[in-house]
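Taking it in order: structure first as structure tokens, then the write-up.
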Amino acid sequence: MPDSRLRPRAAVAAVLCSLLFLAGCGGAAKENAATAYADDAGPLVIGTDGSAESRVVAALYGEVLAGAGVKARMSSTRYSSPAASTLAVAEGRIGLAPAYETVTLRALPAGQTLPGNMAATLSMALPPGIDALPPARAQNGVVLAVTRATARTHGLRTLADLAKAGRLTLGGPASGDPDAPSVAALRKAYGTHLTATRAPATADVLVLRGTDPVITRDGLVVLTDPKNALPPEHVFPLIGAPYAGLTASKALASLNSRLTTAQLAALVTSVDGGAAPSAAARAWLRSNGLLG
């Protein structure tokens, strides 16, 4: 008959074995969760949508990470929009993608909003394990622009100047965007007297994205927004936390601290003109001393 004094020891041993087993399972679960970001092939997968801007920014990420010794590759999936690639990162299907502030908040609306603190607002909106790294200086938010002739005629430099310009028409390629300001909103913010038009080619004031190549091509004057009536839309790296180590974060920060809206617009123009995103990205990185 077994000694009853051995039973407590056996029970303790069984508990310890169970704890060790669970710890092993927990470690395996964490490892599996981390590798889930890798799209089942490679340590870091970078996603992009079909736009020239997304593809060239993703190429910049890939090239600067490779230069820092971080292994990465482009996803074989081409996402339909910035919101779709944002959700792909949030759901762990890819590890990194170019993202935009307002688009991200619209795609992940569960968080709270802290006016004037976009970093905290993004942090509250993102699911656990997803990080919003510091944004680039570049942004592709909605802007209002006029020709140089219109700017000279009416003395236009800011949105506030539109109030003294009389009745001008408002329209343009981005006038149907969710972030595009309405005539009523501009009247409330700046006292303007604009009239909406559906003929963008003849609009006096054009609603555009800040990186639209037409701004540089036609030498348009972008009106500044002193009251911040238009929502910001800086591009930033949205990344799975397992990949946001010091080396990757520093490499991406070195890029984002230098990339301006005008530079990004030039890169978009180059890719729209037929240049490969990777070639355009390498040329820009070399010219800015970020790639050997």
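Chains: A, B, ... in order of the structure tokens. Residues: from 1 per chain. Ligands: from 1, in order shown.
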ask   = Do you know which residues are at most 9 Å from A:Ser254 counting only C-alpha atoms, after dropping those on the same chain fewer than 4 positions away, and could you put them as a list of chain:residue names?
value = A:Val64, A:Ser249, A:Lys250, A:Arg258, A:Leu290
Keeping only N, CA, C and O atoms, write those residues as an mmCIF file, in the first residue's frame.
data_model
loop_
_atom_site.group_PDB
_atom_site.id
_atom_site.type_symbol
_atom_site.label_atom_id
_atom_site.label_comp_id
_atom_site.auth_asym_id
_atom_site.auth_seq_id
_atom_site.Cartn_x
_atom_site.Cartn_y
_atom_site.Cartn_z
ATOM 1 N N VAL A 64 15.278 51.433 -46.223
ATOM 2 C CA VAL A 64 15.977 51.945 -45.042
ATOM 3 C C VAL A 64 16.117 50.859 -43.981
ATOM 4 O O VAL A 64 17.120 50.797 -43.254
ATOM 5 N N SER A 249 13.086 50.972 -35.350
ATOM 6 C CA SER A 249 12.504 52.272 -34.988
ATOM 7 C C SER A 249 13.453 53.419 -35.330
ATOM 8 O O SER A 249 13.031 54.464 -35.837
ATOM 9 N N LYS A 250 14.742 53.236 -35.064
ATOM 10 C CA LYS A 250 15.728 54.287 -35.370
ATOM 11 C C LYS A 250 15.846 54.489 -36.874
ATOM 12 O O LYS A 250 15.957 55.627 -37.351
ATOM 13 N N ARG A 258 13.142 63.498 -42.104
ATOM 14 C CA ARG A 258 13.602 64.260 -43.265
ATOM 15 C C ARG A 258 12.579 64.351 -44.391
ATOM 16 O O ARG A 258 12.653 65.251 -45.231
ATOM 17 N N LEU A 290 21.026 58.581 -46.325
ATOM 18 C CA LEU A 290 20.438 57.532 -45.496
ATOM 19 C C LEU A 290 20.699 56.130 -46.029
ATOM 20 O O LEU A 290 20.251 55.161 -45.440
#
message = Applying 9 Å and only C-alpha atoms, which residues near stretch 201-212 of chain A remain after dropping the ones on its own chain fewer than 2 positions away? List them as a ChimeraX atom specification.
response = /A:53,138-147,150,168-176,180-181,194,196-199,214-216,222,261-266,268-269
Save out the residues we just selected, N, CA and C atoms, as a tab-separated table (two decimals), in the first residue's frame.
chain	number	residue	atom	x	y	z
A	53	GLU	N	1.78	56.69	-54.10
A	53	GLU	CA	2.31	57.20	-52.83
A	53	GLU	C	2.56	56.07	-51.83
A	138	ALA	N	6.05	64.81	-43.82
A	138	ALA	CA	5.16	64.82	-44.99
A	138	ALA	C	3.74	64.46	-44.61
A	139	GLN	N	2.79	65.08	-45.27
A	139	GLN	CA	1.40	64.71	-45.09
A	139	GLN	C	0.66	64.85	-46.42
A	140	ASN	N	-0.37	64.05	-46.57
A	140	ASN	CA	-1.16	64.13	-47.81
A	140	ASN	C	-2.59	64.55	-47.51
A	141	GLY	N	-2.76	65.30	-46.44
A	141	GLY	CA	-4.10	65.77	-46.09
A	141	GLY	C	-4.68	66.70	-47.14
A	142	VAL	N	-5.96	66.96	-47.03
A	142	VAL	CA	-6.64	67.86	-47.96
A	142	VAL	C	-6.10	69.27	-47.79
A	143	VAL	N	-5.83	69.92	-48.91
A	143	VAL	CA	-5.40	71.32	-48.91
A	143	VAL	C	-6.24	72.09	-49.93
A	144	LEU	N	-6.25	73.40	-49.79
A	144	LEU	CA	-6.88	74.27	-50.77
A	144	LEU	C	-5.77	75.04	-51.48
A	145	ALA	N	-5.84	75.07	-52.81
A	145	ALA	CA	-4.78	75.71	-53.58
A	145	ALA	C	-5.40	76.55	-54.70
A	146	VAL	N	-4.64	77.55	-55.12
A	146	VAL	CA	-5.08	78.43	-56.21
A	146	VAL	C	-3.91	78.63	-57.16
A	147	THR	N	-4.21	79.09	-58.36
A	147	THR	CA	-3.15	79.42	-59.30
A	147	THR	C	-2.42	80.67	-58.80
A	150	THR	N	-4.46	83.76	-59.58
A	150	THR	CA	-5.56	84.00	-58.64
A	150	THR	C	-5.02	84.52	-57.31
A	168	LEU	N	-15.79	83.24	-54.95
A	168	LEU	CA	-14.99	82.33	-55.77
A	168	LEU	C	-15.62	80.95	-55.72
A	169	THR	N	-15.30	80.13	-56.69
A	169	THR	CA	-15.84	78.76	-56.72
A	169	THR	C	-14.85	77.78	-56.09
A	170	LEU	N	-15.41	76.72	-55.52
A	170	LEU	CA	-14.63	75.70	-54.83
A	170	LEU	C	-14.91	74.34	-55.46
A	171	GLY	N	-13.86	73.60	-55.81
A	171	GLY	CA	-14.01	72.27	-56.37
A	171	GLY	C	-12.64	71.64	-56.55
A	172	GLY	N	-12.61	70.45	-57.12
A	172	GLY	CA	-11.32	69.82	-57.35
A	172	GLY	C	-11.35	68.32	-57.14
A	173	PRO	N	-10.26	67.64	-57.48
A	173	PRO	CA	-10.21	66.18	-57.41
A	173	PRO	C	-10.53	65.60	-56.05
A	174	ALA	N	-10.17	66.32	-54.96
A	174	ALA	CA	-10.39	65.78	-53.61
A	174	ALA	C	-11.63	66.35	-52.95
A	175	SER	N	-12.48	67.04	-53.72
A	175	SER	CA	-13.65	67.68	-53.11
A	175	SER	C	-14.66	66.67	-52.59
A	176	GLY	N	-14.60	65.43	-53.07
A	176	GLY	CA	-15.51	64.41	-52.58
A	176	GLY	C	-14.94	63.57	-51.46
A	180	ALA	N	-12.67	66.52	-46.97
A	180	ALA	CA	-12.76	67.78	-47.71
A	180	ALA	C	-13.71	68.74	-46.99
A	181	PRO	N	-13.33	70.01	-46.85
A	181	PRO	CA	-14.19	70.97	-46.15
A	181	PRO	C	-15.37	71.38	-47.03
A	194	LEU	N	-17.48	81.24	-50.64
A	194	LEU	CA	-17.24	80.30	-51.72
A	194	LEU	C	-18.53	79.65	-52.19
A	196	ALA	N	-19.74	76.08	-54.24
A	196	ALA	CA	-19.28	74.77	-54.73
A	196	ALA	C	-19.56	74.62	-56.22
A	197	THR	N	-18.63	74.01	-56.93
A	197	THR	CA	-18.82	73.71	-58.35
A	197	THR	C	-18.44	72.27	-58.62
A	198	ARG	N	-19.11	71.66	-59.57
A	198	ARG	CA	-18.80	70.28	-59.95
A	198	ARG	C	-17.85	70.23	-61.14
A	199	ALA	N	-17.35	71.36	-61.54
A	199	ALA	CA	-16.42	71.42	-62.67
A	199	ALA	C	-15.04	71.78	-62.14
A	214	VAL	N	-0.06	67.68	-59.25
A	214	VAL	CA	-0.50	68.88	-59.97
A	214	VAL	C	-0.05	70.15	-59.26
A	215	ILE	N	0.16	70.09	-57.95
A	215	ILE	CA	0.58	71.28	-57.20
A	215	ILE	C	1.93	71.76	-57.70
A	216	THR	N	2.87	70.82	-57.83
A	216	THR	CA	4.20	71.18	-58.33
A	216	THR	C	4.18	71.44	-59.83
A	222	VAL	N	-0.48	76.79	-52.30
A	222	VAL	CA	-1.27	76.12	-51.27
A	222	VAL	C	-1.54	77.12	-50.15
A	261	THR	N	6.58	67.05	-47.31
A	261	THR	CA	5.46	66.91	-48.25
A	261	THR	C	5.92	67.13	-49.68
A	262	ALA	N	6.75	68.16	-49.90
A	262	ALA	CA	7.23	68.45	-51.26
A	262	ALA	C	8.08	67.30	-51.79
A	263	GLN	N	8.92	66.71	-50.93
A	263	GLN	CA	9.76	65.59	-51.36
A	263	GLN	C	8.91	64.37	-51.68
A	264	LEU	N	7.91	64.11	-50.85
A	264	LEU	CA	7.04	62.97	-51.11
A	264	LEU	C	6.26	63.19	-52.41
A	265	ALA	N	5.80	64.41	-52.64
A	265	ALA	CA	5.09	64.71	-53.88
A	265	ALA	C	5.98	64.46	-55.09
A	266	ALA	N	7.27	64.81	-54.98
A	266	ALA	CA	8.20	64.57	-56.08
A	266	ALA	C	8.40	63.08	-56.31
A	268	VAL	N	6.18	60.74	-55.64
A	268	VAL	CA	4.93	60.26	-56.23
A	268	VAL	C	4.89	60.59	-57.73
A	269	THR	N	5.33	61.79	-58.08
A	269	THR	CA	5.38	62.19	-59.49
A	269	THR	C	6.28	61.26	-60.28
request  = Tell me which protein, DNA and RNA residues are within 9 Å of A:Ala136, counting only C-alpha atoms, leaving out same-chain ones fewer than 2 positions away, and put them as a PyMOL selection string.
outcome  = chain A and resi 134+138-139+234-237+253+255-261
Please dump the current selection as a tab-separated table (two decimals), in the first residue's frame; keep N, CA, C and O atoms.
chain	number	residue	atom	x	y	z
A	134	PRO	N	6.58	57.58	-34.73
A	134	PRO	CA	6.48	59.02	-35.02
A	134	PRO	C	6.31	59.29	-36.51
A	134	PRO	O	6.94	58.63	-37.35
A	138	ALA	N	6.05	64.81	-43.82
A	138	ALA	CA	5.16	64.82	-44.99
A	138	ALA	C	3.74	64.46	-44.61
A	138	ALA	O	3.51	63.61	-43.74
A	139	GLN	N	2.79	65.08	-45.27
A	139	GLN	CA	1.40	64.71	-45.09
A	139	GLN	C	0.66	64.85	-46.42
A	139	GLN	O	1.05	65.64	-47.27
A	234	HIS	N	-0.65	63.25	-41.60
A	234	HIS	CA	0.75	62.87	-41.77
A	234	HIS	C	0.86	61.37	-42.02
A	234	HIS	O	0.08	60.58	-41.48
A	235	VAL	N	1.84	60.99	-42.81
A	235	VAL	CA	2.10	59.58	-43.05
A	235	VAL	C	3.03	59.07	-41.94
A	235	VAL	O	3.97	59.76	-41.54
A	236	PHE	N	2.73	57.89	-41.42
A	236	PHE	CA	3.55	57.33	-40.35
A	236	PHE	C	3.62	55.81	-40.49
A	236	PHE	O	2.75	55.19	-41.12
A	237	PRO	N	4.65	55.18	-39.92
A	237	PRO	CA	4.75	53.72	-39.96
A	237	PRO	C	3.84	53.09	-38.92
A	237	PRO	O	3.99	53.33	-37.72
A	253	ALA	N	12.79	56.32	-38.03
A	253	ALA	CA	12.80	57.70	-37.53
A	253	ALA	C	13.75	58.57	-38.35
A	253	ALA	O	13.45	59.75	-38.62
A	255	LEU	N	14.37	58.33	-41.44
A	255	LEU	CA	13.65	58.63	-42.68
A	255	LEU	C	12.58	59.69	-42.44
A	255	LEU	O	12.50	60.70	-43.15
A	256	ASN	N	11.75	59.47	-41.43
A	256	ASN	CA	10.59	60.33	-41.22
A	256	ASN	C	10.98	61.75	-40.80
A	256	ASN	O	10.23	62.69	-41.06
A	257	SER	N	12.13	61.90	-40.18
A	257	SER	CA	12.54	63.23	-39.75
A	257	SER	C	12.93	64.11	-40.94
A	257	SER	O	13.01	65.33	-40.81
A	258	ARG	N	13.14	63.50	-42.10
A	258	ARG	CA	13.60	64.26	-43.27
A	258	ARG	C	12.58	64.35	-44.39
A	258	ARG	O	12.65	65.25	-45.23
A	259	LEU	N	11.64	63.43	-44.44
A	259	LEU	CA	10.72	63.36	-45.58
A	259	LEU	C	9.65	64.45	-45.46
A	259	LEU	O	8.79	64.41	-44.59
A	260	THR	N	9.70	65.42	-46.38
A	260	THR	CA	8.73	66.52	-46.37
A	260	THR	C	7.61	66.24	-47.39
A	260	THR	O	7.72	65.36	-48.23
A	261	THR	N	6.58	67.05	-47.31
A	261	THR	CA	5.46	66.91	-48.25
A	261	THR	C	5.92	67.13	-49.68
A	261	THR	O	5.55	66.38	-50.59
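Atom to atom, atom CA of A:Leu246 and atom CA of A:Ala283 stand 24.9 Å apart.
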Interface rows for stretch 167-253 of chain A against stretch 117-128 of chain A: nearest pair, Å to one decimal, 12 Å, only C-alpha atoms, as a tab-separated table:
residue	atom	partner	partner_atom	distance
A:Pro231	CA	A:Met118	CA	10.8
A:Pro232	CA	A:Met118	CA	9.1
A:Glu233	CA	A:Met118	CA	10.3
A:His234	CA	A:Met118	CA	10.2
A:Phe236	CA	A:Ala119	CA	10.8
A:Leu238	CA	A:Leu126	CA	9.6
A:Ile239	CA	A:Leu126	CA	10.5
A:Gly240	CA	A:Pro128	CA	9.3
A:Ala241	CA	A:Pro128	CA	8.6
A:Pro242	CA	A:Pro128	CA	11.3
Export all heavy atoms of the chosen residues as a short mmCIF file (atom, residue, chain, number, x, y, z; two decimals), in the first residue's frame?
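What ended up in result-v6.cif:
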data_model
loop_
_atom_site.label_atom_id
_atom_site.label_comp_id
_atom_site.auth_asym_id
_atom_site.auth_seq_id
_atom_site.Cartn_x
_atom_site.Cartn_y
_atom_site.Cartn_z
N PRO A 231 -8.24 68.65 -41.24
CA PRO A 231 -7.63 67.63 -40.39
C PRO A 231 -6.24 67.26 -40.88
O PRO A 231 -5.98 67.20 -42.08
CB PRO A 231 -8.59 66.44 -40.51
CG PRO A 231 -9.28 66.63 -41.81
CD PRO A 231 -9.40 68.12 -42.00
N PRO A 232 -5.30 66.98 -39.94
CA PRO A 232 -3.95 66.58 -40.35
C PRO A 232 -3.97 65.17 -40.92
O PRO A 232 -4.84 64.36 -40.60
CB PRO A 232 -3.17 66.63 -39.03
CG PRO A 232 -4.21 66.34 -37.98
CD PRO A 232 -5.47 66.98 -38.49
N GLU A 233 -3.01 64.89 -41.75
CA GLU A 233 -2.93 63.56 -42.36
C GLU A 233 -1.48 63.20 -42.65
O GLU A 233 -1.09 62.92 -43.77
CB GLU A 233 -3.77 63.54 -43.64
CG GLU A 233 -4.13 62.14 -44.13
CD GLU A 233 -5.16 61.45 -43.25
OE1 GLU A 233 -4.86 61.23 -42.07
OE2 GLU A 233 -6.24 61.11 -43.75
N HIS A 234 -0.65 63.25 -41.60
CA HIS A 234 0.75 62.87 -41.77
C HIS A 234 0.86 61.37 -42.02
O HIS A 234 0.08 60.58 -41.48
CB HIS A 234 1.56 63.23 -40.52
CG HIS A 234 1.68 64.71 -40.29
ND1 HIS A 234 0.77 65.41 -39.53
CD2 HIS A 234 2.59 65.61 -40.73
CE1 HIS A 234 1.12 66.68 -39.51
NE2 HIS A 234 2.21 66.83 -40.23
N PHE A 236 2.73 57.89 -41.42
CA PHE A 236 3.55 57.33 -40.35
C PHE A 236 3.62 55.81 -40.49
O PHE A 236 2.75 55.19 -41.12
CB PHE A 236 2.99 57.70 -38.97
CG PHE A 236 1.67 57.05 -38.64
CD1 PHE A 236 1.62 55.84 -37.96
CD2 PHE A 236 0.47 57.65 -39.00
CE1 PHE A 236 0.41 55.24 -37.66
CE2 PHE A 236 -0.74 57.05 -38.71
CZ PHE A 236 -0.77 55.84 -38.03
N LEU A 238 2.88 52.29 -39.38
CA LEU A 238 2.04 51.50 -38.49
C LEU A 238 2.66 50.11 -38.45
O LEU A 238 2.79 49.45 -39.49
CB LEU A 238 0.61 51.43 -39.02
CG LEU A 238 -0.41 50.72 -38.11
CD1 LEU A 238 -0.60 51.49 -36.82
CD2 LEU A 238 -1.75 50.57 -38.84
N ILE A 239 3.04 49.65 -37.26
CA ILE A 239 3.90 48.48 -37.17
C ILE A 239 3.45 47.56 -36.04
O ILE A 239 2.96 48.03 -35.00
CB ILE A 239 5.38 48.92 -36.97
CG1 ILE A 239 6.35 47.74 -37.13
CG2 ILE A 239 5.57 49.62 -35.64
CD1 ILE A 239 7.81 48.19 -37.23
N GLY A 240 3.61 46.27 -36.24
CA GLY A 240 3.37 45.31 -35.17
C GLY A 240 4.48 45.42 -34.13
O GLY A 240 5.66 45.50 -34.47
N ALA A 241 4.11 45.43 -32.86
CA ALA A 241 5.08 45.62 -31.79
C ALA A 241 6.26 44.65 -31.84
O ALA A 241 7.38 45.05 -31.50
CB ALA A 241 4.36 45.53 -30.43
N PRO A 242 6.09 43.38 -32.25
CA PRO A 242 7.25 42.49 -32.32
C PRO A 242 8.35 42.97 -33.25
O PRO A 242 9.48 42.54 -33.15
CB PRO A 242 6.65 41.16 -32.83
CG PRO A 242 5.22 41.21 -32.41
CD PRO A 242 4.83 42.65 -32.54
#
DSSP on the backbone: which residues in stretch 107-241 of chain A end up as strand (DSSP E or B)? Give the answer as a compact mmCIF listing (two decimals) with all heavy atoms, in the first residue's frame.
# COMPACT_ATOMS: atom_id res chain seq x y z
N ILE A 130 0.09 46.82 -31.47
CA ILE A 130 0.28 47.61 -32.68
C ILE A 130 0.75 49.00 -32.28
O ILE A 130 0.17 49.63 -31.39
CB ILE A 130 -1.03 47.72 -33.50
CG1 ILE A 130 -1.59 46.33 -33.80
CG2 ILE A 130 -0.78 48.49 -34.78
CD1 ILE A 130 -0.69 45.44 -34.62
N ASP A 131 1.81 49.47 -32.92
CA ASP A 131 2.41 50.76 -32.57
C ASP A 131 2.33 51.75 -33.72
O ASP A 131 2.51 51.37 -34.89
CB ASP A 131 3.88 50.59 -32.19
CG ASP A 131 4.07 49.80 -30.89
OD1 ASP A 131 3.12 49.76 -30.09
OD2 ASP A 131 5.16 49.24 -30.69
N ALA A 132 2.08 53.01 -33.39
CA ALA A 132 2.17 54.10 -34.35
C ALA A 132 3.50 54.81 -34.09
O ALA A 132 3.65 55.49 -33.08
CB ALA A 132 1.00 55.07 -34.18
N GLN A 139 2.79 65.08 -45.27
CA GLN A 139 1.40 64.71 -45.09
C GLN A 139 0.66 64.85 -46.42
O GLN A 139 1.05 65.64 -47.27
CB GLN A 139 0.72 65.54 -44.00
CG GLN A 139 0.63 67.02 -44.28
CD GLN A 139 -0.30 67.71 -43.28
OE1 GLN A 139 -1.31 67.15 -42.87
NE2 GLN A 139 0.05 68.91 -42.90
N VAL A 142 -5.96 66.96 -47.03
CA VAL A 142 -6.64 67.86 -47.96
C VAL A 142 -6.10 69.27 -47.79
O VAL A 142 -5.92 69.76 -46.67
CB VAL A 142 -8.16 67.83 -47.71
CG1 VAL A 142 -8.85 68.95 -48.47
CG2 VAL A 142 -8.73 66.48 -48.12
N VAL A 143 -5.83 69.92 -48.91
CA VAL A 143 -5.40 71.32 -48.91
C VAL A 143 -6.24 72.09 -49.93
O VAL A 143 -6.86 71.50 -50.83
CB VAL A 143 -3.90 71.47 -49.27
CG1 VAL A 143 -3.03 70.77 -48.24
CG2 VAL A 143 -3.61 70.93 -50.68
N LEU A 144 -6.25 73.40 -49.79
CA LEU A 144 -6.88 74.27 -50.77
C LEU A 144 -5.77 75.04 -51.48
O LEU A 144 -4.88 75.60 -50.83
CB LEU A 144 -7.86 75.24 -50.11
CG LEU A 144 -9.02 74.62 -49.32
CD1 LEU A 144 -10.03 75.71 -48.94
CD2 LEU A 144 -9.71 73.51 -50.09
N ALA A 145 -5.84 75.07 -52.81
CA ALA A 145 -4.78 75.71 -53.58
C ALA A 145 -5.40 76.55 -54.70
O ALA A 145 -6.52 76.28 -55.16
CB ALA A 145 -3.84 74.65 -54.17
N VAL A 146 -4.64 77.55 -55.12
CA VAL A 146 -5.08 78.43 -56.21
C VAL A 146 -3.91 78.63 -57.16
O VAL A 146 -2.75 78.38 -56.82
CB VAL A 146 -5.55 79.80 -55.68
CG1 VAL A 146 -6.78 79.64 -54.80
CG2 VAL A 146 -4.43 80.52 -54.91
N THR A 158 -3.46 82.70 -47.24
CA THR A 158 -4.05 81.83 -46.23
C THR A 158 -5.53 81.65 -46.52
O THR A 158 -6.12 82.38 -47.32
CB THR A 158 -3.89 82.42 -44.81
OG1 THR A 158 -4.81 83.50 -44.63
CG2 THR A 158 -2.47 82.93 -44.57
N THR A 169 -15.30 80.13 -56.69
CA THR A 169 -15.84 78.76 -56.72
C THR A 169 -14.85 77.78 -56.09
O THR A 169 -13.63 77.98 -56.14
CB THR A 169 -16.16 78.33 -58.16
OG1 THR A 169 -14.98 78.45 -58.97
CG2 THR A 169 -17.27 79.17 -58.74
N LEU A 170 -15.41 76.72 -55.52
CA LEU A 170 -14.63 75.70 -54.83
C LEU A 170 -14.91 74.34 -55.46
O LEU A 170 -16.06 73.95 -55.63
CB LEU A 170 -15.01 75.66 -53.34
CG LEU A 170 -14.33 74.59 -52.48
CD1 LEU A 170 -12.86 74.94 -52.24
CD2 LEU A 170 -15.05 74.46 -51.12
N GLY A 171 -13.86 73.60 -55.81
CA GLY A 171 -14.01 72.27 -56.37
C GLY A 171 -12.64 71.64 -56.55
O GLY A 171 -11.63 72.21 -56.16
N THR A 195 -18.55 79.25 -53.44
CA THR A 195 -19.66 78.50 -54.02
C THR A 195 -19.12 77.21 -54.60
O THR A 195 -18.13 77.22 -55.35
CB THR A 195 -20.35 79.30 -55.14
OG1 THR A 195 -20.80 80.55 -54.62
CG2 THR A 195 -21.53 78.53 -55.71
N ALA A 196 -19.74 76.08 -54.24
CA ALA A 196 -19.28 74.77 -54.73
C ALA A 196 -19.56 74.62 -56.22
O ALA A 196 -20.59 75.08 -56.72
CB ALA A 196 -19.95 73.65 -53.96
N VAL A 205 -10.79 77.82 -56.51
CA VAL A 205 -10.06 77.26 -55.37
C VAL A 205 -10.16 75.74 -55.48
O VAL A 205 -11.26 75.18 -55.47
CB VAL A 205 -10.65 77.74 -54.03
CG1 VAL A 205 -9.83 77.18 -52.87
CG2 VAL A 205 -10.67 79.27 -53.98
N LEU A 206 -9.03 75.10 -55.59
CA LEU A 206 -8.99 73.65 -55.80
C LEU A 206 -8.81 72.90 -54.49
O LEU A 206 -7.99 73.29 -53.64
CB LEU A 206 -7.83 73.29 -56.74
CG LEU A 206 -7.98 73.76 -58.19
CD1 LEU A 206 -6.68 73.54 -58.95
CD2 LEU A 206 -9.13 73.03 -58.88
N VAL A 207 -9.59 71.85 -54.33
CA VAL A 207 -9.45 70.94 -53.18
C VAL A 207 -8.59 69.77 -53.64
O VAL A 207 -8.98 69.02 -54.55
CB VAL A 207 -10.83 70.44 -52.69
CG1 VAL A 207 -10.66 69.62 -51.41
CG2 VAL A 207 -11.78 71.60 -52.46
N LEU A 208 -7.41 69.62 -53.03
CA LEU A 208 -6.45 68.61 -53.46
C LEU A 208 -5.88 67.89 -52.25
O LEU A 208 -5.97 68.37 -51.12
CB LEU A 208 -5.29 69.27 -54.23
CG LEU A 208 -5.63 70.11 -55.45
CD1 LEU A 208 -4.43 70.96 -55.85
CD2 LEU A 208 -6.04 69.21 -56.60
N ARG A 209 -5.26 66.75 -52.50
CA ARG A 209 -4.41 66.13 -51.51
C ARG A 209 -3.05 66.81 -51.55
O ARG A 209 -2.57 67.22 -52.62
CB ARG A 209 -4.26 64.63 -51.78
CG ARG A 209 -5.49 63.83 -51.39
CD ARG A 209 -5.62 63.72 -49.89
NE ARG A 209 -6.87 63.09 -49.47
CZ ARG A 209 -7.21 62.95 -48.20
NH1 ARG A 209 -6.43 63.40 -47.24
NH2 ARG A 209 -8.35 62.37 -47.87
N VAL A 221 -0.40 77.65 -55.59
CA VAL A 221 -0.14 78.21 -54.26
C VAL A 221 -1.07 77.51 -53.26
O VAL A 221 -2.30 77.62 -53.36
CB VAL A 221 -0.40 79.73 -54.25
CG1 VAL A 221 -0.21 80.29 -52.83
CG2 VAL A 221 0.51 80.44 -55.24
N VAL A 222 -0.48 76.79 -52.30
CA VAL A 222 -1.27 76.12 -51.27
C VAL A 222 -1.54 77.12 -50.15
O VAL A 222 -0.61 77.71 -49.59
CB VAL A 222 -0.53 74.89 -50.71
CG1 VAL A 222 -1.31 74.28 -49.54
CG2 VAL A 222 -0.32 73.85 -51.81
N THR A 224 -2.33 78.41 -46.57
CA THR A 224 -2.11 77.91 -45.22
C THR A 224 -3.40 77.98 -44.41
O THR A 224 -4.33 78.72 -44.76
CB THR A 224 -1.00 78.71 -44.50
OG1 THR A 224 -1.39 80.10 -44.42
CG2 THR A 224 0.32 78.60 -45.25
N HIS A 234 -0.65 63.25 -41.60
CA HIS A 234 0.75 62.87 -41.77
C HIS A 234 0.86 61.37 -42.02
O HIS A 234 0.08 60.58 -41.48
CB HIS A 234 1.56 63.23 -40.52
CG HIS A 234 1.68 64.71 -40.29
ND1 HIS A 234 0.77 65.41 -39.53
CD2 HIS A 234 2.59 65.61 -40.73
CE1 HIS A 234 1.12 66.68 -39.51
NE2 HIS A 234 2.21 66.83 -40.23
N VAL A 235 1.84 60.99 -42.81
CA VAL A 235 2.10 59.58 -43.05
C VAL A 235 3.03 59.07 -41.94
O VAL A 235 3.97 59.76 -41.54
CB VAL A 235 2.70 59.34 -44.44
CG1 VAL A 235 4.03 60.08 -44.64
CG2 VAL A 235 2.88 57.85 -44.72
N PHE A 236 2.73 57.89 -41.42
CA PHE A 236 3.55 57.33 -40.35
C PHE A 236 3.62 55.81 -40.49
O PHE A 236 2.75 55.19 -41.12
CB PHE A 236 2.99 57.70 -38.97
CG PHE A 236 1.67 57.05 -38.64
CD1 PHE A 236 1.62 55.84 -37.96
CD2 PHE A 236 0.47 57.65 -39.00
CE1 PHE A 236 0.41 55.24 -37.66
CE2 PHE A 236 -0.74 57.05 -38.71
CZ PHE A 236 -0.77 55.84 -38.03
N PRO A 237 4.65 55.18 -39.92
CA PRO A 237 4.75 53.72 -39.96
C PRO A 237 3.84 53.09 -38.92
O PRO A 237 3.99 53.33 -37.72
CB PRO A 237 6.23 53.44 -39.63
CG PRO A 237 6.92 54.77 -39.66
CD PRO A 237 5.86 55.79 -39.34
N LEU A 238 2.88 52.29 -39.38
CA LEU A 238 2.04 51.50 -38.49
C LEU A 238 2.66 50.11 -38.45
O LEU A 238 2.79 49.45 -39.49
CB LEU A 238 0.61 51.43 -39.02
CG LEU A 238 -0.41 50.72 -38.11
CD1 LEU A 238 -0.60 51.49 -36.82
CD2 LEU A 238 -1.75 50.57 -38.84
N ILE A 239 3.04 49.65 -37.26
CA ILE A 239 3.90 48.48 -37.17
C ILE A 239 3.45 47.56 -36.04
O ILE A 239 2.96 48.03 -35.00
CB ILE A 239 5.38 48.92 -36.97
CG1 ILE A 239 6.35 47.74 -37.13
CG2 ILE A 239 5.57 49.62 -35.64
CD1 ILE A 239 7.81 48.19 -37.23
N GLY A 240 3.61 46.27 -36.24
CA GLY A 240 3.37 45.31 -35.17
C GLY A 240 4.48 45.42 -34.13
O GLY A 240 5.66 45.50 -34.47
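Taking atom CA of A:Ser75 and atom CA of A:Ser270 as endpoints, the distance between them is 22.1 Å.
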request  = Just list the residues in stretch 34-273 of chain A DSSP gives helix (DSSP H, G or I) on the backbone, as JSON, numbers by chain.
outcome  = {"A": [34, 35, 36, 52, 53, 54, 55, 56, 57, 58, 59, 60, 61, 62, 63, 64, 65, 66, 67, 82, 83, 84, 85, 86, 87, 88, 89, 90, 101, 102, 103, 104, 105, 106, 107, 118, 119, 120, 121, 122, 123, 124, 125, 148, 149, 150, 151, 152, 153, 154, 159, 160, 161, 162, 163, 164, 183, 184, 185, 186, 187, 188, 189, 190, 200, 201, 202, 213, 214, 215, 216, 217, 241, 242, 243, 246, 247, 248, 249, 250, 251, 252, 253, 254, 255, 256, 261, 262, 263, 264, 265, 266, 267, 268, 269, 270, 271, 272]}
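With only C-alpha atoms as the atoms that count, the minimum distance from A:Gly92 to the choices A:Leu267, A:Ala68, A:Leu60, A:Val45 is reached by A:Val45.
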task = Determine, counting only C-alpha atoms, which protein, DNA and RNA residues have an atom within 7 Å of an atom of A:Leu65; residues of the same chain fewer than 5 positions away are not included. Present the result as a list in words.
result = Val70, Ala248 and Ala251 of chain A
Point-to-point distance in Å for atom CA of A:Leu252 and atom CA of A:Ala97 =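 We find that atom CA of A:Ala97 and atom CA of A:Leu252 lie 11.8 Å from each other.
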